[in-house]
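Colleague: Below is query-v6.csv; it holds CSV, C-alpha atoms.
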```
chain,number,residue,atom,x,y,z
A,138,MET,CA,-43.7,17.2,-49.3
A,139,ALA,CA,-42.8,17.2,-45.6
A,140,ALA,CA,-44.9,15.2,-43.2
A,141,GLY,CA,-47.0,17.2,-40.8
A,142,PRO,CA,-47.1,16.8,-37.0
A,143,ASP,CA,-48.1,13.4,-35.7
A,144,PRO,CA,-51.5,14.0,-34.0
A,145,THR,CA,-51.3,10.7,-32.1
A,146,ARG,CA,-48.1,11.7,-30.3
A,147,ASP,CA,-48.5,13.4,-27.0
A,148,ARG,CA,-46.3,16.5,-27.1
A,149,ARG,CA,-46.7,17.5,-23.4
A,150,ARG,CA,-43.5,17.3,-21.4
A,151,ASP,CA,-43.4,15.4,-18.2
A,152,ARG,CA,-43.3,17.7,-15.2
A,153,ASP,CA,-42.3,17.4,-11.6
A,154,GLU,CA,-44.3,18.7,-8.6
A,155,GLN,CA,-42.8,22.2,-9.1
A,156,GLY,CA,-43.8,22.3,-12.8
A,157,ARG,CA,-40.2,21.8,-14.1
A,158,ALA,CA,-39.6,19.7,-17.1
A,159,ARG,CA,-38.5,16.2,-15.9
A,160,SER,CA,-38.9,12.9,-17.5
A,161,ALA,CA,-41.2,10.6,-15.7
A,162,ARG,CA,-39.7,7.5,-17.4
A,163,PRO,CA,-38.5,4.9,-15.0
A,164,ARG,CA,-34.7,4.5,-14.7
A,165,ASP,CA,-32.4,1.5,-14.1
A,166,GLY,CA,-29.8,1.4,-11.4
A,167,LEU,CA,-27.3,3.2,-13.7
A,168,GLY,CA,-29.8,6.0,-14.4
A,169,ARG,CA,-30.6,4.9,-18.0
A,170,PRO,CA,-34.2,5.6,-19.0
A,171,LEU,CA,-36.5,2.6,-19.4
A,172,PRO,CA,-39.8,2.5,-21.3
A,173,TYR,CA,-42.8,4.0,-19.6
A,174,GLY,CA,-44.5,1.4,-17.5
A,175,ALA,CA,-41.4,-0.7,-17.0
A,176,PRO,CA,-40.2,-1.4,-13.5
A,177,GLY,CA,-37.3,0.8,-12.4
A,178,VAL,CA,-35.5,1.8,-9.3
A,179,ALA,CA,-36.6,4.7,-7.2
A,180,ARG,CA,-35.2,8.0,-8.2
A,181,GLN,CA,-32.9,9.8,-5.8
A,182,PRO,CA,-34.8,12.9,-4.6
A,183,GLU,CA,-33.2,16.1,-5.6
A,184,GLY,CA,-32.4,19.1,-3.4
A,185,VAL,CA,-32.3,17.2,-0.2
A,186,PRO,CA,-30.3,19.2,2.4
A,187,ARG,CA,-27.7,17.0,4.1
A,188,ALA,CA,-24.8,17.7,6.3
A,189,PRO,CA,-21.5,16.9,4.4
A,190,VAL,CA,-20.9,13.7,6.3
A,191,ALA,CA,-24.5,12.6,5.8
A,192,ALA,CA,-24.1,13.2,2.1
A,193,LEU,CA,-20.9,11.1,2.0
A,194,VAL,CA,-22.6,8.3,3.9
A,195,GLU,CA,-25.6,8.3,1.6
A,196,ALA,CA,-23.4,8.5,-1.5
A,197,GLN,CA,-21.3,5.6,-0.3
A,198,ARG,CA,-24.4,3.5,0.3
A,199,LEU,CA,-25.5,4.1,-3.2
A,200,PHE,CA,-22.1,3.4,-4.6
A,201,ASP,CA,-22.0,0.1,-2.7
A,202,ALA,CA,-25.4,-0.8,-4.1
A,203,GLY,CA,-24.2,-0.4,-7.6
A,204,MET,CA,-26.0,2.9,-8.2
A,205,PRO,CA,-23.3,5.5,-9.0
A,206,PHE,CA,-25.8,7.6,-11.0
A,207,HIS,CA,-27.8,8.0,-7.8
A,208,ALA,CA,-24.7,8.7,-5.8
A,209,HIS,CA,-23.9,11.5,-8.2
A,210,GLU,CA,-27.3,13.1,-7.5
A,211,VAL,CA,-26.5,13.2,-3.7
A,212,LEU,CA,-23.0,14.6,-4.4
A,213,GLU,CA,-24.5,17.2,-6.8
A,214,ASP,CA,-26.9,18.4,-4.1
A,215,ALA,CA,-23.9,18.7,-1.7
A,216,TRP,CA,-22.0,20.6,-4.4
A,217,LYS,CA,-24.9,23.1,-4.9
A,218,ALA,CA,-25.2,23.7,-1.2
A,219,ALA,CA,-21.5,23.8,-0.4
A,220,PRO,CA,-19.7,27.0,0.5
A,221,GLU,CA,-17.7,28.4,-2.5
A,222,VAL,CA,-14.4,27.1,-1.1
A,223,GLU,CA,-15.7,23.5,-1.2
A,224,ARG,CA,-17.6,23.5,-4.5
A,225,GLY,CA,-14.6,22.1,-6.4
A,226,LEU,CA,-14.4,19.2,-4.0
A,227,TRP,CA,-18.1,18.2,-4.3
A,228,ARG,CA,-18.2,18.8,-8.1
A,229,GLY,CA,-15.1,16.5,-8.4
A,230,LEU,CA,-16.8,13.8,-6.3
A,231,ALA,CA,-19.9,14.1,-8.4
A,232,GLN,CA,-17.8,13.8,-11.6
A,233,LEU,CA,-16.1,10.6,-10.2
A,234,ALA,CA,-19.6,9.2,-9.7
A,235,VAL,CA,-20.6,10.1,-13.3
A,236,GLY,CA,-17.3,8.6,-14.5
A,237,LEU,CA,-18.1,5.3,-12.8
A,238,THR,CA,-21.6,5.5,-14.2
A,239,HIS,CA,-20.2,5.8,-17.8
A,240,ALA,CA,-17.7,3.0,-17.1
A,241,ALA,CA,-20.5,0.7,-15.9
A,242,ARG,CA,-22.5,1.5,-18.9
A,243,GLY,CA,-19.6,0.6,-21.2
A,244,ASN,CA,-18.9,4.2,-22.3
A,245,VAL,CA,-15.1,4.0,-22.0
A,246,THR,CA,-14.4,7.5,-23.4
A,247,GLY,CA,-16.9,9.2,-21.2
A,248,GLY,CA,-15.8,7.2,-18.2
A,249,ARG,CA,-12.1,8.1,-18.6
A,250,ALA,CA,-13.0,11.8,-19.3
A,251,LEU,CA,-15.1,12.2,-16.1
A,252,LEU,CA,-12.7,10.2,-13.9
A,253,ASP,CA,-9.8,12.4,-15.1
A,254,ARG,CA,-11.9,15.6,-14.6
A,255,GLY,CA,-13.1,14.5,-11.1
A,256,THR,CA,-9.5,13.5,-10.0
A,257,ALA,CA,-8.2,16.9,-11.1
A,258,ALA,CA,-11.0,18.7,-9.3
A,259,ILE,CA,-10.4,16.9,-5.9
A,260,ALA,CA,-6.6,17.1,-6.1
A,261,PRO,CA,-6.3,20.6,-4.4
A,262,TYR,CA,-8.0,19.1,-1.3
A,263,ALA,CA,-5.5,16.3,-0.7
A,264,ASP,CA,-3.6,18.1,2.1
A,265,THR,CA,-6.8,18.9,4.1
A,266,ALA,CA,-8.9,15.8,3.4
A,267,PRO,CA,-12.1,17.5,4.5
A,268,TYR,CA,-14.8,15.3,6.2
A,269,GLY,CA,-12.3,12.4,6.2
A,270,ILE,CA,-12.5,12.1,2.4
A,271,ASP,CA,-9.7,9.9,1.1
A,272,ILE,CA,-8.5,12.1,-1.7
A,273,THR,CA,-5.4,10.0,-2.2
A,274,GLY,CA,-7.3,6.8,-2.2
A,275,LEU,CA,-9.9,8.2,-4.6
A,276,THR,CA,-7.1,9.4,-7.0
A,277,VAL,CA,-5.5,5.9,-7.0
A,278,TRP,CA,-9.0,4.3,-7.5
A,279,ALA,CA,-9.8,6.6,-10.4
A,280,ARG,CA,-6.4,6.0,-12.1
A,281,GLU,CA,-6.7,2.2,-11.6
A,282,LEU,CA,-10.2,2.1,-13.0
A,283,THR,CA,-9.3,4.3,-15.9
A,284,GLY,CA,-6.4,2.0,-16.7
A,285,ARG,CA,-8.5,-1.1,-16.9
A,286,LEU,CA,-11.5,0.3,-18.9
A,287,GLY,CA,-12.2,-1.6,-22.1
A,288,GLY,CA,-15.9,-2.3,-21.7
A,289,PRO,CA,-18.5,-2.2,-19.0
A,290,VAL,CA,-17.3,-2.7,-15.4
A,291,PRO,CA,-19.5,-3.9,-12.5
A,292,ALA,CA,-20.7,-0.7,-10.7
A,293,ALA,CA,-20.8,-2.2,-7.2
A,294,GLY,CA,-17.6,-4.2,-7.6
A,295,SER,CA,-15.8,-1.0,-8.9
A,296,ALA,CA,-17.2,1.4,-6.2
A,297,PRO,CA,-14.8,3.7,-4.5
A,298,ARG,CA,-14.3,4.3,-0.8
A,299,LEU,CA,-15.1,8.0,-0.2
A,300,ARG,CA,-13.7,8.2,3.3
A,301,GLY,CA,-10.5,6.7,4.6
A,302,ALA,CA,-9.8,5.1,7.9
A,303,ARG,CA,-9.7,8.5,9.6
A,304,GLY,CA,-13.2,9.3,8.4
A,305,GLY,CA,-14.7,5.9,8.5
A,306,SER,CA,-16.9,4.7,5.6
```
Could you take the file, read its structure, and then write that structure out as structure tokens?

Modeller:
Amino acid sequence: MAAGPDPTRDRRRDRDEQGRARSARPRDGLGRPLPYGAPGVARQPEGVPRAPVAALVEAQRLFDAGMPFHAHEVLEDAWKAAPEVERGLWRGLAQLAVGLTHAARGNVTGGRALLDRGTAAIAPYADTAPYGIDITGLTVWARELTGRLGGPVPAAGSAPRLRGARGGS
């Protein structure tokens, strides 16, 4: 006989201010959920409109702080707001951030897959380097990181430089 529903378990889903389903569990710096009530890091607010350079500056700050999951959130917002011609660029940058997140968590397979996918997505922008993004440098960074994956890597110590000397950082 199958067990019935557990009446002690709260089945309501966590919701955000707009009523969308969203886990209220705290997260660590790599975006992993922690138990309810545990101290975590502040979530990156979603849907924040930023100019492209401001998004790059904020994402770089988060990378440098060892929070590539949060950098991904910033880059994802930029991707969603970007004109169609730039969406591949921003999607690729977000994928690189997720690749580093997986690598820092020790997920070698996921890290490699996302780093490769992100590199392929940004490659078409190498000749124009929009917003001073160092496409060549990011490609080299992703290949080097992919080549040395074998376990968790330090997120901050493995952070990429999004913008080259021409675009500052």

Colleague: Considering only C-alpha atoms, return as a PyMOL selection string whatever protein or nucleic-acid residues lie within 9 Å of Asp253 in chain A, sequence-local ones (same chain, fewer than 5 positions apart) excluded.

Modeller: chain A and resi 232-233+236+248+258+279-280+283

Colleague: So the first atom is CA of Thr276 in chain A and the second is CA of Phe206 in chain A; what is the distance between them in Å, to one decimal place?

Modeller: 19.2 Å

Colleague: Nearest residue to Ala266 in chain A out of A:Leu226, A:Val290, A:Leu251, A:Leu237, using all atoms listed in the file?

Modeller: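 The answer is A:Leu226, which sits nearest to Ala266 in chain A.
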
Colleague: Which residues of range 248-285 of chain A come within 9 Å of range 179-200 of chain A, and for each one, what is the closest pair of atoms and their distance in Å to one decimal, counting only C-alpha atoms, sorted by chain and residue number, as a Markdown table?

Modeller:
```
| residue | atom | partner | partner_atom | distance |
| --- | --- | --- | --- | --- |
| A:Tyr268 | CA | A:Val190 | CA | 6.3 |
| A:Gly269 | CA | A:Val190 | CA | 8.7 |
| A:Ile270 | CA | A:Leu193 | CA | 8.5 |
```

Colleague: So that I can see what lies close to Trp216 in chain A, please list as number ranges by chain the residues with an atom at most 8 Å from it, counting only C-alpha atoms and leaving out residues fewer than 6 positions away in the same chain.

Modeller: A: 223-228, 231

Colleague: Which of these, A:Met204, A:Val245, A:Ala257, A:Leu212, has the shortest distance to Ser295 in chain A once you count only C-alpha atoms?

Modeller: A:Met204
